[in-house]
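K.L.:
The following block contains the structure, expressed as structure tokens.
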Amino acid sequence: MVDIFLRTLPFFAIIGLGYWAGRSRFFTEEATAYLTKFVFFFALSAMLFRFAATLPFAEIFNGRLVMGYLLGTVVVYVLATLVAWMRGLDIPTAAVEAQCAAIGNVGFLGLPMLALLLSEAAIGPVMLVLTVDLVVFSSLIVILINAGRDGRLTPATLRLIGLGLIKNPMIVSISAGMLWSAFQVPVPGPLNDFLTILGGAATPGALFAIGASLASKSAERVQVAAWLSFCKLVIHPACVAVVLLWLIPVAAFPAAVAISAAALPVAGNVYMLAAHYGVAPHRASAAILLSTAASILTVPVVIAWVATL
């Protein structure tokens with residue numbers, strides 16, 4: 001447990017360094033936005049494509065893992081939605097809370113951290129988890145917010161979802177890499193070196209960007225943020241563990257990776273969606289800030305536990 005904590009500490013230290021840079025205004029919000037854009041569109045995409053293209057397709061795709069993670073995530077998503085409705089919230093606000101409870105920072109934090117802590121064999125399962133989050137739940141929140149406002153699902157909403165998926169560089173890079181792997185095309189040496197160098201910037205850049213972006217987050221609605229953080233850091237990995245270990249059992253290692261991914265703090269893109277639609281952005285902001293701070297202690301506990309599976 002102590003060893004896992006010490007191994008995760010450097011990741012959170014870089015996040016803390018980014019937080020200091022943003023809080024002290026050494027990194028302005030504009031600088032943070034451009035760093036995030038660089039990581040999102042270039043460094044992380046290069047890393048994802050190289051991993052997907054160089055791994056055998058059979059090692060990446062695991063249908064039982066996809067179904068198990070999806071089911072476990074749906075359970076906590078529904079739970080958070082029901083609690084929100086019991087408090088009298090409307091559908092769009094309930095959707096934002098459910099997104100906070102179920103969607104973790106798998107791309108920016110999970111991929112680099114779990115690949116180093118659990119070995120590069122964790123990359124395939126992490127990419128599957130990331131794909132489920134991006135394709136299923138990023139689409140679902142758009143549907144719920146628009147349907148909650150308009151009272152129906154319009155073709156314009158479906159078109160918006162489709163364009164969002166096509167334009168998402170993480171989805172594009174994973175899909176392109178998996179196609180490359182499926183056709184068993186060798187990655188040329190210069191291309192592999194290019195992707196390795198560019199992708200190498202993803203880990204420090206992503207962690208620093210997480211911290212710098214947290215500096216602008218508020219800690220309003222602390223009670224709600226604490227409930228959503230508890231859902232994300234405790235209930236979500238517990239639900240995924242129950243499904244993958246007993247209901248739809250998979251091999252111990254991919255199950256451990258998916259459970260670890262489920263234990264990650266709330267994803268930053270939840271705030272971006274909430275702010276874009278003007279639905280409870282402060283609630284999402286507080287959940288991201290609180291869950292990230294608490295995850296310094298909770299994530300090592302989960303990783304230490306799954307290491308015994």
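Chain labels A, B, ... are given in the sequence in which chains occur in the structure tokens; within each chain residues are numbered consecutively from 1, and ligands are likewise numbered from 1 in the order shown.
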Output as an MDAnalysis selection string all residues of range 107-303 of chain A that backbone DSSP marks as helix (DSSP H, G or I).
P.N.:
chainID A and resid 107:117 120:150 155:167 169:182 189:199 202:214 222:247 252:262 268:277 281:303
K.L.:
Within 9 Å of range 182-186 of chain A, counting only C-alpha atoms, which residues show up once you throw out same-chain ones fewer than 4 positions away? Write them as JSON, numbers by chain, please.
P.N.:
{"A": [53, 54, 56, 57, 58, 177, 178]}
K.L.:
Please identify all polymer residues within 10 Å of Gly22 in chain A, counting only C-alpha atoms, omitting same-chain residues fewer than 5 positions from it, and present them as a ChimeraX atom specification.
P.N.:
/A:16-17,27-29,31-32,208-209,211-216
K.L.:
May I have the residues within 10 Å of range 251-254 of chain A as a PyMOL selection string, using only C-alpha atoms and disregarding those fewer than 5 positions away in the same chain?
P.N.:
chain A and resi 62+64-65+118+121-126+244-245+259-260+306-309
K.L.:
Looking at only C-alpha atoms, which of A:Ile166, A:Met67, A:Ala13, A:Ala202 is the one that sits closest to Met47 in chain A?
P.N.:
A:Ala202
K.L.:
Excluding Thr298 in chain A and residues on its chain fewer than 4 positions from it, collect all residues at most 12 Å away from it, counting only C-alpha atoms, and give them as an MDAnalysis selection string.
P.N.:
chainID A and resid 1 4:5 8 229:230 232:235 237 260 262:265 291:294 302:305
K.L.:
For C-alpha atoms, I'd like the residues from the last selection saved as an mmCIF file, in the first residue's frame.
P.N.:
```cif
data_model
loop_
_atom_site.group_PDB
_atom_site.id
_atom_site.type_symbol
_atom_site.label_atom_id
_atom_site.label_comp_id
_atom_site.auth_asym_id
_atom_site.auth_seq_id
_atom_site.Cartn_x
_atom_site.Cartn_y
_atom_site.Cartn_z
ATOM 1 C CA MET A 1 0.000 0.000 0.000
ATOM 2 C CA ILE A 4 1.791 2.068 -4.404
ATOM 3 C CA PHE A 5 1.200 5.446 -2.752
ATOM 4 C CA THR A 8 1.535 7.389 -7.580
ATOM 5 C CA SER A 229 -16.807 12.407 -5.509
ATOM 6 C CA PHE A 230 -17.846 9.477 -3.297
ATOM 7 C CA LYS A 232 -16.792 8.393 -8.541
ATOM 8 C CA LEU A 233 -13.996 7.279 -6.240
ATOM 9 C CA VAL A 234 -15.771 4.548 -4.254
ATOM 10 C CA ILE A 235 -19.112 3.435 -5.707
ATOM 11 C CA PRO A 237 -14.970 1.090 -8.872
ATOM 12 C CA SER A 260 -8.415 1.026 -11.367
ATOM 13 C CA ALA A 262 -13.076 3.395 -12.623
ATOM 14 C CA ALA A 263 -11.426 4.703 -9.432
ATOM 15 C CA LEU A 264 -10.022 7.806 -11.156
ATOM 16 C CA PRO A 265 -11.345 11.296 -10.298
ATOM 17 C CA SER A 291 -12.383 14.230 -6.317
ATOM 18 C CA THR A 292 -8.901 14.962 -7.681
ATOM 19 C CA ALA A 293 -7.666 16.025 -4.237
ATOM 20 C CA ALA A 294 -9.214 12.980 -2.549
ATOM 21 C CA VAL A 302 -7.765 0.650 -5.122
ATOM 22 C CA ILE A 303 -4.610 -0.121 -7.108
ATOM 23 C CA ALA A 304 -3.067 -1.888 -4.100
ATOM 24 C CA TRP A 305 -6.233 -3.972 -3.738
#
```
K.L.:
Counting only C-alpha atoms, give me one row per residue of range 177-286 of chain A with an atom at most 12 Å from an atom of range 40-46 of chain A, showing the shortest contact pair and its distance in Å to one decimal, sorted by chain then residue number, as JSON lines.
P.N.:
```
{"residue": "A:Gly177", "atom": "CA", "partner": "A:Ala46", "partner_atom": "CA", "distance": 9.7}
{"residue": "A:Leu191", "atom": "CA", "partner": "A:Ala46", "partner_atom": "CA", "distance": 10.3}
{"residue": "A:Asn192", "atom": "CA", "partner": "A:Ala46", "partner_atom": "CA", "distance": 9.6}
{"residue": "A:Asp193", "atom": "CA", "partner": "A:Ala46", "partner_atom": "CA", "distance": 10.7}
{"residue": "A:Phe194", "atom": "CA", "partner": "A:Ala46", "partner_atom": "CA", "distance": 8.6}
{"residue": "A:Leu195", "atom": "CA", "partner": "A:Ala46", "partner_atom": "CA", "distance": 5.2}
{"residue": "A:Thr196", "atom": "CA", "partner": "A:Ala46", "partner_atom": "CA", "distance": 7.5}
{"residue": "A:Ile197", "atom": "CA", "partner": "A:Ala43", "partner_atom": "CA", "distance": 8.8}
{"residue": "A:Leu198", "atom": "CA", "partner": "A:Ala43", "partner_atom": "CA", "distance": 5.3}
{"residue": "A:Gly199", "atom": "CA", "partner": "A:Ala43", "partner_atom": "CA", "distance": 4.6}
{"residue": "A:Gly200", "atom": "CA", "partner": "A:Ala43", "partner_atom": "CA", "distance": 7.1}
{"residue": "A:Ala201", "atom": "CA", "partner": "A:Ala43", "partner_atom": "CA", "distance": 5.7}
{"residue": "A:Ala202", "atom": "CA", "partner": "A:Ala43", "partner_atom": "CA", "distance": 4.8}
{"residue": "A:Thr203", "atom": "CA", "partner": "A:Leu44", "partner_atom": "CA", "distance": 8.0}
{"residue": "A:Pro204", "atom": "CA", "partner": "A:Ala43", "partner_atom": "CA", "distance": 10.2}
{"residue": "A:Gly205", "atom": "CA", "partner": "A:Ala43", "partner_atom": "CA", "distance": 8.2}
{"residue": "A:Ala206", "atom": "CA", "partner": "A:Leu44", "partner_atom": "CA", "distance": 8.0}
{"residue": "A:Leu207", "atom": "CA", "partner": "A:Leu44", "partner_atom": "CA", "distance": 11.4}
{"residue": "A:Ala209", "atom": "CA", "partner": "A:Phe40", "partner_atom": "CA", "distance": 10.2}
{"residue": "A:Ile210", "atom": "CA", "partner": "A:Phe40", "partner_atom": "CA", "distance": 11.6}
{"residue": "A:Gly268", "atom": "CA", "partner": "A:Phe40", "partner_atom": "CA", "distance": 11.9}
{"residue": "A:Asn269", "atom": "CA", "partner": "A:Phe40", "partner_atom": "CA", "distance": 11.1}
```
K.L.:
Would you mind exporting all heavy atoms of the selected residues as a compact mmCIF listing (two decimals), in the first residue's frame?
P.N.:
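Wrote result00.txt, looks like this:
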```txt
# COMPACT_ATOMS: atom_id res chain seq x y z
N GLY A 177 -5.60 3.57 -35.09
CA GLY A 177 -4.59 2.63 -34.63
C GLY A 177 -5.07 1.19 -34.62
O GLY A 177 -4.34 0.27 -34.99
N LEU A 191 8.27 6.71 -38.49
CA LEU A 191 6.95 7.05 -37.97
C LEU A 191 6.83 6.66 -36.50
O LEU A 191 6.31 7.43 -35.69
CB LEU A 191 5.86 6.35 -38.78
CG LEU A 191 4.41 6.54 -38.28
CD1 LEU A 191 4.04 8.02 -38.28
CD2 LEU A 191 3.43 5.73 -39.13
N ASN A 192 7.36 5.50 -36.15
CA ASN A 192 7.32 5.06 -34.76
C ASN A 192 8.12 6.00 -33.86
O ASN A 192 7.69 6.35 -32.76
CB ASN A 192 7.86 3.63 -34.64
CG ASN A 192 7.71 3.08 -33.24
OD1 ASN A 192 6.61 2.87 -32.75
ND2 ASN A 192 8.83 2.85 -32.59
N ASP A 193 9.30 6.43 -34.36
CA ASP A 193 10.11 7.37 -33.58
C ASP A 193 9.39 8.71 -33.41
O ASP A 193 9.42 9.31 -32.33
CB ASP A 193 11.46 7.60 -34.28
CG ASP A 193 12.33 6.35 -34.26
OD1 ASP A 193 12.05 5.45 -33.44
OD2 ASP A 193 13.27 6.28 -35.07
N PHE A 194 8.76 9.19 -34.49
CA PHE A 194 8.00 10.44 -34.42
C PHE A 194 6.89 10.36 -33.38
O PHE A 194 6.72 11.25 -32.55
CB PHE A 194 7.41 10.74 -35.81
CG PHE A 194 6.36 11.82 -35.80
CD1 PHE A 194 6.72 13.16 -35.73
CD2 PHE A 194 5.02 11.49 -35.88
CE1 PHE A 194 5.74 14.15 -35.72
CE2 PHE A 194 4.04 12.47 -35.88
CZ PHE A 194 4.41 13.81 -35.79
N LEU A 195 6.13 9.25 -33.42
CA LEU A 195 5.02 9.07 -32.48
C LEU A 195 5.52 8.92 -31.05
O LEU A 195 4.90 9.40 -30.11
CB LEU A 195 4.19 7.85 -32.88
CG LEU A 195 3.45 7.94 -34.22
CD1 LEU A 195 2.86 6.57 -34.59
CD2 LEU A 195 2.35 8.99 -34.16
N THR A 196 6.67 8.25 -30.89
CA THR A 196 7.23 8.05 -29.55
C THR A 196 7.66 9.38 -28.94
O THR A 196 7.38 9.66 -27.77
CB THR A 196 8.44 7.09 -29.61
OG1 THR A 196 8.02 5.83 -30.14
CG2 THR A 196 9.03 6.88 -28.23
N ILE A 197 8.34 10.20 -29.73
CA ILE A 197 8.81 11.50 -29.24
C ILE A 197 7.63 12.40 -28.91
O ILE A 197 7.56 13.01 -27.82
CB ILE A 197 9.73 12.17 -30.27
CG1 ILE A 197 11.01 11.36 -30.45
CG2 ILE A 197 10.08 13.59 -29.84
CD1 ILE A 197 11.86 11.79 -31.63
N LEU A 198 6.67 12.50 -29.84
CA LEU A 198 5.52 13.37 -29.62
C LEU A 198 4.66 12.83 -28.48
O LEU A 198 4.20 13.59 -27.61
CB LEU A 198 4.69 13.47 -30.90
CG LEU A 198 3.48 14.40 -30.87
CD1 LEU A 198 3.88 15.81 -30.49
CD2 LEU A 198 2.79 14.40 -32.24
N GLY A 199 4.42 11.52 -28.47
CA GLY A 199 3.62 10.92 -27.41
C GLY A 199 4.26 11.01 -26.04
O GLY A 199 3.57 10.99 -25.02
N GLY A 200 5.60 11.13 -26.02
CA GLY A 200 6.30 11.26 -24.74
C GLY A 200 5.93 12.52 -23.98
O GLY A 200 6.10 12.59 -22.76
N ALA A 201 5.42 13.52 -24.71
CA ALA A 201 5.00 14.77 -24.05
C ALA A 201 3.63 14.65 -23.41
O ALA A 201 3.22 15.53 -22.67
CB ALA A 201 4.99 15.91 -25.08
N ALA A 202 2.93 13.55 -23.70
CA ALA A 202 1.55 13.42 -23.23
C ALA A 202 1.46 13.32 -21.71
O ALA A 202 0.63 13.97 -21.08
CB ALA A 202 0.88 12.20 -23.88
N THR A 203 2.32 12.49 -21.11
CA THR A 203 2.20 12.25 -19.66
C THR A 203 2.46 13.52 -18.85
O THR A 203 1.58 13.96 -18.10
CB THR A 203 3.15 11.12 -19.22
OG1 THR A 203 2.75 9.92 -19.89
CG2 THR A 203 3.08 10.92 -17.72
N PRO A 204 3.65 14.15 -18.94
CA PRO A 204 3.86 15.36 -18.15
C PRO A 204 2.93 16.50 -18.57
O PRO A 204 2.44 17.26 -17.72
CB PRO A 204 5.33 15.72 -18.40
CG PRO A 204 5.66 15.06 -19.70
CD PRO A 204 4.85 13.82 -19.75
N GLY A 205 2.68 16.63 -19.87
CA GLY A 205 1.81 17.70 -20.34
C GLY A 205 0.39 17.56 -19.83
O GLY A 205 -0.23 18.53 -19.38
N ALA A 206 -0.14 16.34 -19.88
CA ALA A 206 -1.51 16.11 -19.42
C ALA A 206 -1.64 16.34 -17.93
O ALA A 206 -2.60 16.98 -17.47
CB ALA A 206 -1.94 14.69 -19.78
N LEU A 207 -0.70 15.82 -17.15
CA LEU A 207 -0.77 15.99 -15.70
C LEU A 207 -0.64 17.46 -15.30
O LEU A 207 -1.37 17.94 -14.43
CB LEU A 207 0.34 15.16 -15.02
CG LEU A 207 0.24 13.64 -15.20
CD1 LEU A 207 1.48 12.96 -14.64
CD2 LEU A 207 -1.02 13.10 -14.56
N ALA A 209 -1.39 20.01 -17.18
CA ALA A 209 -2.61 20.70 -17.63
C ALA A 209 -3.78 20.45 -16.67
O ALA A 209 -4.59 21.35 -16.43
CB ALA A 209 -2.98 20.23 -19.04
N ILE A 210 -3.87 19.22 -16.11
CA ILE A 210 -4.92 18.94 -15.14
C ILE A 210 -4.79 19.89 -13.95
O ILE A 210 -5.75 20.52 -13.51
CB ILE A 210 -4.83 17.48 -14.64
CG1 ILE A 210 -5.21 16.51 -15.75
CG2 ILE A 210 -5.75 17.26 -13.43
CD1 ILE A 210 -4.94 15.05 -15.40
N GLY A 268 -12.12 16.17 -16.58
CA GLY A 268 -12.24 17.60 -16.83
C GLY A 268 -13.24 17.95 -17.91
O GLY A 268 -13.82 19.04 -17.90
N ASN A 269 -13.46 17.03 -18.88
CA ASN A 269 -14.38 17.37 -19.97
C ASN A 269 -15.83 17.45 -19.51
O ASN A 269 -16.68 17.98 -20.22
CB ASN A 269 -14.24 16.39 -21.14
CG ASN A 269 -14.62 14.97 -20.78
OD1 ASN A 269 -14.98 14.67 -19.65
ND2 ASN A 269 -14.54 14.08 -21.76
```
K.L.:
Give the answer as one residue: which of A:Met170, A:Leu247, A:Gly278, A:Val240 has the shortest atom-to-atom distance to Phe49 in chain A, using only C-alpha atoms?
P.N.:
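Answer, going by the shortest atom-to-atom distance: A:Met170.
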K.L.:
For Tyr77 in chain A, which of A:Leu163, A:Val135, A:Cys239, A:Ile14 is the closest residue, counting only C-alpha atoms?
P.N.:
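Of A:Leu163, A:Val135, A:Cys239, A:Ile14, the one nearest Tyr77 in chain A is A:Cys239, counting only C-alpha atoms.
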K.L.:
Between A:Val96, A:Leu109, A:Val129, A:Leu297, which has the minimum distance to Pro281 in chain A (counting only C-alpha atoms)?
P.N.:
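Among the listed residues, the smallest separation from Pro281 in chain A belongs to A:Val96.
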K.L.:
How far is it from CA of Ala147 in chain A to CA of Val279 in chain A, in Å with one decimal?
P.N.:
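Going from CA of Ala147 in chain A over to CA of Val279 in chain A, I get 13.4 Å.
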K.L.:
Rounded to one decimal, what separation in Å do you get between CA of Ile248 in chain A and CA of Ser295 in chain A?
P.N.:
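Distance reported for this atom pair: 26.8 Å.
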